[in-house]
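Asker: Right, I'll just put the structure down here and ask away after.
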Amino acid sequence: MNILDWFTAPLSYDFMVRAILISGFIGIVCAVLSCFMTLKGWALMGDAVSHSVTPGVVLAHILGLPFAIGAFVFGVGSVLAIGFIKSHTRIKEDTVIGLVFTGFFAFGLVLISKNPSNIDLNHILFGNILGISTSDLIQTLVIGIFTLITVLILRKDLLLFCFDPIHARSIGLNVDVLYYVLLTLLSLTIVVALQAVGIILVVAMLVTPGAIAYLLTDRFDHMIGYAVLSGVFSNVIGTYISYYLDASTGGCIVVLQTLLFVMVMIFAPKYGLLRKKLYR
């Protein structure tokens with residue numbers, strides 16, 4: 001099989017065309033937010049919110065509601081819970097995050113165990129982009145576009161908040177509002193990515209593209225460009241690879257992203273390990 005056939009053969013199936021297009025779009029949304037998450041150092045926060053949406057997804061299945069509604073409600077709920085506990089107790093933020101996300105995730109597992117006939121645990125945990133329905137596709141597009149537009153409008157404020165929140169406060173920005181806006185955008189992005197990689201792997205899509213771009217450039221505009229390129233490439237090619245290997249699509253996407261990160265970590269022209277070794 002030549003390279004052209006490798007790319008065109010899966011396109012004869014409608015489900016593969018749909019999966020490739022939506023995975024590319026999800027790659028863009030996750031990559032853009034990933035840059036802010038990397039600058040802010042919120043990898044653990046992304047992991048917390050992604051696990052906290054589990055009971056919302058399960059309840060949405062049970063009640064026959066769109067999964068996006070349940071995921072968003074519990075995602076924002078976890079954010080509010082983390083903020084409330086952090087501001088009203090002496091417990092540090094990382095401990096609060098661990099308490100909240102494990103509690104929410106465990107609650108979701110209890111709901112799954114009580115309704116095993118109605119819910120496919122694998123689809124919730126690992127995604128099901130090859131079987132995405134039209135309604136879920138529309139939800140993903142609407143939420144993703146809204147997230148991108150919001151980031152575009154608030155880009156400068158969010159960037160300053162992530163880079164230097166003290167300076168942001170000193171010039172009159174409401175950093176508390178920006179804190180919850182960014183966490184709300186995080187919740188929305190997780191809802192977008194759930195179909196592709198599921199709850200377990202979604203944090204990788206929110207961290208890896210930004211980490212890759214961070215090693216390649218010092219300019220934020222370029223960082224977003226590199227993150228989007230790596231996100232779209234890994235999502236689309238990962239979907240192709242999963243087709244030929246008959247393997248988990250989400251798993252293939254995240255493994256490819258990780259391999260890209262390792263390559264950049266070693267060969268990045270300025271911050272790569274090889275460059276540092278030669279410099280020494």
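Residue names in the structure tokens use chain letters A, B, ... in the order shown, residue numbers from 1 in each chain, and ligand numbers from 1 in the order shown.
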Could you give me, as a PyMOL selection string, each residue of stretch 25-247 of chain A that DSSP assigns to alpha helix (DSSP H) when run on this structure's backbone?
Answerer: chain A and resi 25-40+43-52+54-63+67-88+93-114+121-126+134-153+155-163+165-170+175-214+220-245
Asker: Compile the contact shell of A:Val207 as an NGL selection string: residues with an atom at most 8 Å away, counting only C-alpha atoms, same-chain residues fewer than 2 positions apart removed.
Answerer: :A and (34-35 or 37-38 or 43 or 203-205 or 209-211)
Asker: Dump N, CA and C atoms for the selected residues as a short mmCIF file (atom, residue, chain, number, x, y, z; two decimals), in the first residue's frame?
Answerer:
data_model
loop_
_atom_site.label_atom_id
_atom_site.label_comp_id
_atom_site.auth_asym_id
_atom_site.auth_seq_id
_atom_site.Cartn_x
_atom_site.Cartn_y
_atom_site.Cartn_z
N SER A 34 -4.63 24.61 25.85
CA SER A 34 -3.45 23.98 26.43
C SER A 34 -2.32 24.98 26.66
N CYS A 35 -2.22 25.98 25.79
CA CYS A 35 -1.18 27.00 25.96
C CYS A 35 -1.39 27.79 27.25
N MET A 37 -3.08 26.69 29.88
CA MET A 37 -2.91 25.76 30.98
C MET A 37 -1.43 25.55 31.29
N THR A 38 -0.60 25.51 30.25
CA THR A 38 0.84 25.32 30.44
C THR A 38 1.46 26.52 31.13
N ALA A 43 -1.88 21.71 35.11
CA ALA A 43 -2.06 20.34 34.65
C ALA A 43 -2.92 19.54 35.62
N VAL A 203 -6.87 14.81 29.88
CA VAL A 203 -5.87 15.72 30.44
C VAL A 203 -4.63 15.79 29.55
N ALA A 204 -4.31 14.69 28.85
CA ALA A 204 -3.15 14.70 27.95
C ALA A 204 -3.34 15.70 26.81
N MET A 205 -4.57 15.79 26.29
CA MET A 205 -4.85 16.72 25.20
C MET A 205 -4.85 18.16 25.68
N PRO A 209 0.00 19.39 23.94
CA PRO A 209 0.26 20.38 22.86
C PRO A 209 0.92 21.65 23.37
N GLY A 210 0.47 22.15 24.51
CA GLY A 210 1.08 23.35 25.08
C GLY A 210 2.51 23.11 25.52
N ALA A 211 2.78 21.92 26.07
CA ALA A 211 4.14 21.59 26.50
C ALA A 211 5.07 21.49 25.30
#
Asker: Please identify all polymer residues within 12 Å of A:Asp221, counting only C-alpha atoms, omitting same-chain residues fewer than 5 positions from it, and present them as a VMD selection string.
Answerer: chain A and resid 32 35 to 36 152 155 to 156 159 210 213 to 214 216 226 to 228
Asker: Can you pull out every residue within 12 Å of A:Leu259, counting only C-alpha atoms, but drop anything in the same chain fewer than 5 positions away, and send it as a PyMOL selection string?
Answerer: chain A and resi 208-209+212+230+234+238+252-254+264-266
Asker: Can you work out the spacing between atom CA of A:Ser78 and atom CA of A:Gly24 in Å, to one decimal?
Answerer: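 If I compute the distance from atom CA of A:Ser78 to atom CA of A:Gly24, I get 28.0 Å.
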Asker: So the first atom is atom CA of A:Gly131 and the second is atom CA of A:Gly251; what is the distance between them in Å, to one decimal place?
Answerer: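 Here the two named atoms are 15.6 Å from each other.
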Asker: Could you list, with a cut-off of 10 Å and counting only C-alpha atoms, the residues of stretch 183-250 of chain A near stretch 59-69 of chain A, each shown with its nearest atom pair and the distance in Å rounded to one decimal, rows sorted by chain and ascending number, as a tab-separated table?
Answerer:
residue	atom	partner	partner_atom	distance
A:Leu188	CA	A:Ala68	CA	8.5
A:Ile190	CA	A:Ala68	CA	9.6
A:Val191	CA	A:Ala68	CA	5.9
A:Val192	CA	A:Ala68	CA	8.1
A:Leu194	CA	A:Ala68	CA	9.1
A:Gln195	CA	A:Phe67	CA	9.9
Asker: For atom CA of A:Ser242 and atom CA of A:Val197, quote the distance in Å rounded to one decimal.
Answerer: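 These atoms are spaced 12.0 Å apart.
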Asker: For A:Leu137, list every protein, DNA or RNA residue within 9 Å, evaluated using only C-alpha atoms, and leave out those in the same chain fewer than 5 positions away; present the list as a list in words.
Answerer: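 The contact residues come out as Arg18, Ile22, Ile132, Val142 and Gln195 of chain A.
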Asker: For the selection just defined, write its residues with N, CA and C atoms to a file, as a compact mmCIF listing (two decimals), in the first residue's frame.
Answerer:
# COMPACT_ATOMS: atom_id res chain seq x y z
N ARG A 18 -16.05 11.42 9.31
CA ARG A 18 -16.58 12.21 10.43
C ARG A 18 -15.59 12.24 11.58
N ILE A 22 -13.75 15.68 12.99
CA ILE A 22 -14.05 16.16 14.33
C ILE A 22 -12.84 16.04 15.25
N ILE A 132 -19.45 8.56 17.06
CA ILE A 132 -20.08 9.81 17.49
C ILE A 132 -21.37 10.05 16.71
N VAL A 142 -20.58 23.29 18.45
CA VAL A 142 -21.10 24.52 19.06
C VAL A 142 -20.28 24.93 20.28
N GLN A 195 -15.54 13.06 23.70
CA GLN A 195 -15.90 12.12 22.64
C GLN A 195 -14.66 11.49 22.01
Asker: For the contact check between stretch 147-209 of chain A and stretch 83-105 of chain A, emit one row per residue of stretch 147-209 of chain A within 12 Å, containing the shortest atom pair and the distance in Å rounded to one decimal, counting only C-alpha atoms, chain then rising number order, as a Markdown table.
Answerer:
| residue | atom | partner | partner_atom | distance |
| --- | --- | --- | --- | --- |
| A:Asp176 | CA | A:Gly83 | CA | 10.0 |
| A:Val177 | CA | A:Gly83 | CA | 11.7 |
| A:Tyr179 | CA | A:Gly83 | CA | 9.5 |
| A:Tyr180 | CA | A:Gly83 | CA | 8.7 |
| A:Leu183 | CA | A:Gly83 | CA | 10.3 |
| A:Ile199 | CA | A:Phe105 | CA | 9.9 |
| A:Ile200 | CA | A:Phe105 | CA | 10.7 |
Asker: Export, as a PDB file, in the first residue's frame, the selected residues with C-alpha atoms.
Answerer:
ATOM      1  CA  ASP A 176     -10.994  36.363  40.469  1.00  0.00           C
ATOM      2  CA  VAL A 177     -13.371  36.604  37.516  1.00  0.00           C
ATOM      3  CA  TYR A 179      -9.817  32.614  37.364  1.00  0.00           C
ATOM      4  CA  TYR A 180     -13.358  31.283  37.055  1.00  0.00           C
ATOM      5  CA  LEU A 183     -11.789  27.236  34.642  1.00  0.00           C
ATOM      6  CA  ILE A 199     -12.286  11.140  30.751  1.00  0.00           C
ATOM      7  CA  ILE A 200      -9.070   9.269  31.503  1.00  0.00           C
TER       8      ILE A 200
END
Asker: Given the choices A:Ile171, A:Val232, A:Leu185, A:Ala81, which gets closest to A:Ala31 if the distance is worked out from only C-alpha atoms?
Answerer: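 Looking at the shortest contact to A:Ala31, the residue is A:Val232.
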Asker: Select, from A:Leu229, A:Arg169, A:Ile241, A:Val236, the residue with the minimum atom-to-atom distance to A:Trp6, counting only C-alpha atoms.
Answerer: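 Among the listed residues, the smallest separation from A:Trp6 belongs to A:Ile241.
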